[in-house]
Amino acid sequence: MRQTILRYDLPASLVVFLVALPLSLGIAVASGAPVLAGLIAAAVGGIVAGALGGSPLQVSGPAAGLTVIVAGLVAEFGWKVTCAITVCAGVLQVLFGLSRIARAALAISPVVVHAMLAGIGVTIALQQVHVLLGGSSHSSAWANVSELPGQLFAAHGPGLFLGALVIAILVGWRWVPAGIRKVPGPLVAIVGVTALSVLLPFDVARIKLDGSLLDALALPSLPDGNWGAFATGVLTVALIASVESLLSAVSVDRMHTGPRTNFDRELIGQGAANIASGAVGGLPVTGVIVRSSTNVAVGAKTRASAILHGVWILVFAIPFAGLAQLIPSAALAGLLIVIGVQLVKLAHIETARRTGDLAVYLVTILCVVFLNLLEGVLIGLALAVALTVWRVVRAKIAAEEVSENHWRVDIEGSCTFLSLPRLTSVLGSIPEGTSVRVELSVDFIDHAAHEAIEQWRHQHEATGGSVHIHDVGAVEMNSAIDGPPERAFTPFDKRSGVVPWSSWQEKQAPSVLDGLATYHRRTAPVLLPHLKELADEQQPETLFLTCADSRVVPNVITSSGPGDLFTVRNVGNIVPAGQKDASVEAAIAFAVDQLGVSSIVVCGHSSCGAMKALLHGAPDDAHLKSWLAHGNPTLETFGDGGHPVARSAAAAGFGRVDQLSMVNIAVQVQTLSQHPLVAGRPGIEVIGLFYDIASAGVLRVTPTYVETLVGAA
């Protein structure tokens, strides 16, 4: 452990310290707090949250995400009461952690959090542009925007030059050589521009300190009334600090392969840090992604790096804090403008656009900037929830005339009372006296939607039309009146070849043509991208020889799709010995020589008619009797049921027909293994399977025993 700290964490902590130093000063200035309150929060956040938190590599300190909140609290209550709010918010965070609800904070829509941070970034940039130009910022975004043109004409030249130089250094730092880039860009920008402002005769405003770090230590005090606003401030700081810390911890976890975050412990650590920071006059503390990502990038391995970075800030601040008074205000303004702009991430905007959440993103930003942070977040969350509800409950409803006097209505999704305007409009647009097929593919339908469809159905039939309702989804229409409606999902759609026609087509006349029509409308578009890749050639992995029985669906049993199985079916899944069947021989030759399959499967099943005929005597039909003669070797092998496979099947509770079916599989596996086209071919595995229709389970059959496959029903 000591070697790890010395080798990795010590150098990493020094780099993080150099990054945190100018950022902490700038955030304090933007918050309207005493400048040294930023260094106090950085030291406390590093040491306390680093030691007690649940994210080993996360670095905590004052965060840009809280500047707008803190600035508002300082303006309303003053600094000492703001410190009391920080302490109380910390207590609330500790309670959050102890109650184990930390992960609930992660349920907040990421687009709202991203927009909140972007709104804070825009607010910071708007405020600091005025400082950069030599003026003073306003708490109102409207005022900052409206007075910006006049501020541009009255810009203070030297300050504007220094601030613009900081911005240029920070923007261009990514293109400097890698060796130089190891030095943090913010440190280079602030130190370099400060040195330039001292060496050259620049008359600019500079940072002002009220005494030393020890003088900056301040005890919190309670407000004289206005307790409602005080409580709102506590809740706001606690929630925003918690969410930002937890989301930062999630991001940090993605950057390394070490121990994962304990979210409840992380909240306790953040709460303890805020209690300590507020108690001694520091800013609120959160986990900060900029410092944390730097910590991971420079090779930190344990929480010692975060703790040591706090120690270095404390060591620097006690004797050298006075150096901060040399920093031009415009230089820190330039730093804060870049920080604010970086909070607006193009990747987040693109994600919001691609996922249909751009409206939530834009509304949240505008409300955060022009109203306030809490209202902006609440409005954004409300809009995100409303949009989610709309997407979940919205049904896709469309009507189409498929031929003269024949219409089809497609209803997909969740059909509820919220769908009634669209539902009644579409149904009402269908001409009277026509034949209508309603395809209902829904996962939820309530009584209101059921009633609307039934009323329209009666009215349409009364005018001479006809209505046929086909339940092709997980939920049938009449379920809405059988009891309280419930959402239901199935792993397979009824159109995918799993559920028989009779369960979703008209009961009296299931038709292959109806199935084909449904396939073309619904399944074909889903398969099309995959089938385009298979258009010119097939490369199946397996030759699958099975019975012609309609109850056996190979692709369903094997969870496979087009292009996976080269399937051969015949009565009784038989491979005639002595190469006596040209069709089976051609299939084996093509699969082995041309397709290069790696496995051959023989799949029999329960209640097999061919096995019943073998056991009890073949029917009089000459064709069937001739084919079943190829099963005589199976019958001889079965004998009186003494074959090991038959005994194994009997022990599992299977009757004589199924025992014979399993022996037949074993015989065919042996026949294929010794086949001239298969024997001696390396890499070809011959597998026997038995499909028990009653239980939907699949058993593996070898020449000597039967075994239950994992997951068999």
# chains A, B, ... in the order shown; residues from 1 in each chain; ligands from 1
>>> closest_atom_pairs(of="range 26-64 of chain A", to="range 17-21 of chain A", cutoff="9 Å", atoms="only C-alpha atoms", output="tab-separated table")
residue	atom	partner	partner_atom	distance
A:Gly26	CA	A:Leu21	CA	8.9
A:Gly38	CA	A:Leu21	CA	8.8
A:Leu39	CA	A:Leu21	CA	7.2
A:Ala42	CA	A:Ala20	CA	7.4
A:Gly61	CA	A:Ala20	CA	8.2
>>> select_by_dssp(residues="range 585-666 of chain A", states="helix (DSSP H, G or I)", output="ChimeraX atom specification")
/A:585-595,609-616,622-638,644-651,656-666
>>> atom_distance(atom1="CA of Gly380 in chain A", atom2="CA of Val363 in chain A")
6.5 Å
>>> residues_around(residues="Phe544 in chain A", least_positions_apart="6", cutoff="7 Å", atoms="only C-alpha atoms", output="number ranges by chain")
A: 565-568, 600-602
>>> write_last_selection(atoms="N, CA and C atoms", output="PDB file, in the first residue's frame")
ATOM      1  N   LEU A 565     -29.662 -22.458 -39.425  1.00  0.00           N
ATOM      2  CA  LEU A 565     -29.896 -23.900 -39.521  1.00  0.00           C
ATOM      3  C   LEU A 565     -30.162 -24.310 -40.970  1.00  0.00           C
ATOM      4  N   PHE A 566     -29.486 -25.389 -41.410  1.00  0.00           N
ATOM      5  CA  PHE A 566     -29.800 -26.033 -42.681  1.00  0.00           C
ATOM      6  C   PHE A 566     -30.693 -27.215 -42.324  1.00  0.00           C
ATOM      7  N   THR A 567     -31.998 -27.082 -42.556  1.00  0.00           N
ATOM      8  CA  THR A 567     -32.982 -27.988 -41.972  1.00  0.00           C
ATOM      9  C   THR A 567     -33.464 -29.039 -42.967  1.00  0.00           C
ATOM     10  N   VAL A 568     -33.499 -30.289 -42.493  1.00  0.00           N
ATOM     11  CA  VAL A 568     -34.057 -31.404 -43.255  1.00  0.00           C
ATOM     12  C   VAL A 568     -35.141 -32.045 -42.393  1.00  0.00           C
ATOM     13  N   ILE A 600     -24.122 -31.515 -36.579  1.00  0.00           N
ATOM     14  CA  ILE A 600     -25.321 -32.136 -37.146  1.00  0.00           C
ATOM     15  C   ILE A 600     -26.208 -32.536 -35.980  1.00  0.00           C
ATOM     16  N   VAL A 601     -27.462 -32.110 -36.016  1.00  0.00           N
ATOM     17  CA  VAL A 601     -28.408 -32.387 -34.937  1.00  0.00           C
ATOM     18  C   VAL A 601     -29.516 -33.294 -35.458  1.00  0.00           C
ATOM     19  N   VAL A 602     -29.818 -34.351 -34.697  1.00  0.00           N
ATOM     20  CA  VAL A 602     -30.998 -35.169 -34.938  1.00  0.00           C
ATOM     21  C   VAL A 602     -31.981 -34.874 -33.808  1.00  0.00           C
TER      22      VAL A 602
END
>>> closest_residue(among="A:Val44, A:Cys367, A:Leu545, A:Ala115", to="Ala272 in chain A", atoms="only C-alpha atoms")
A:Val44
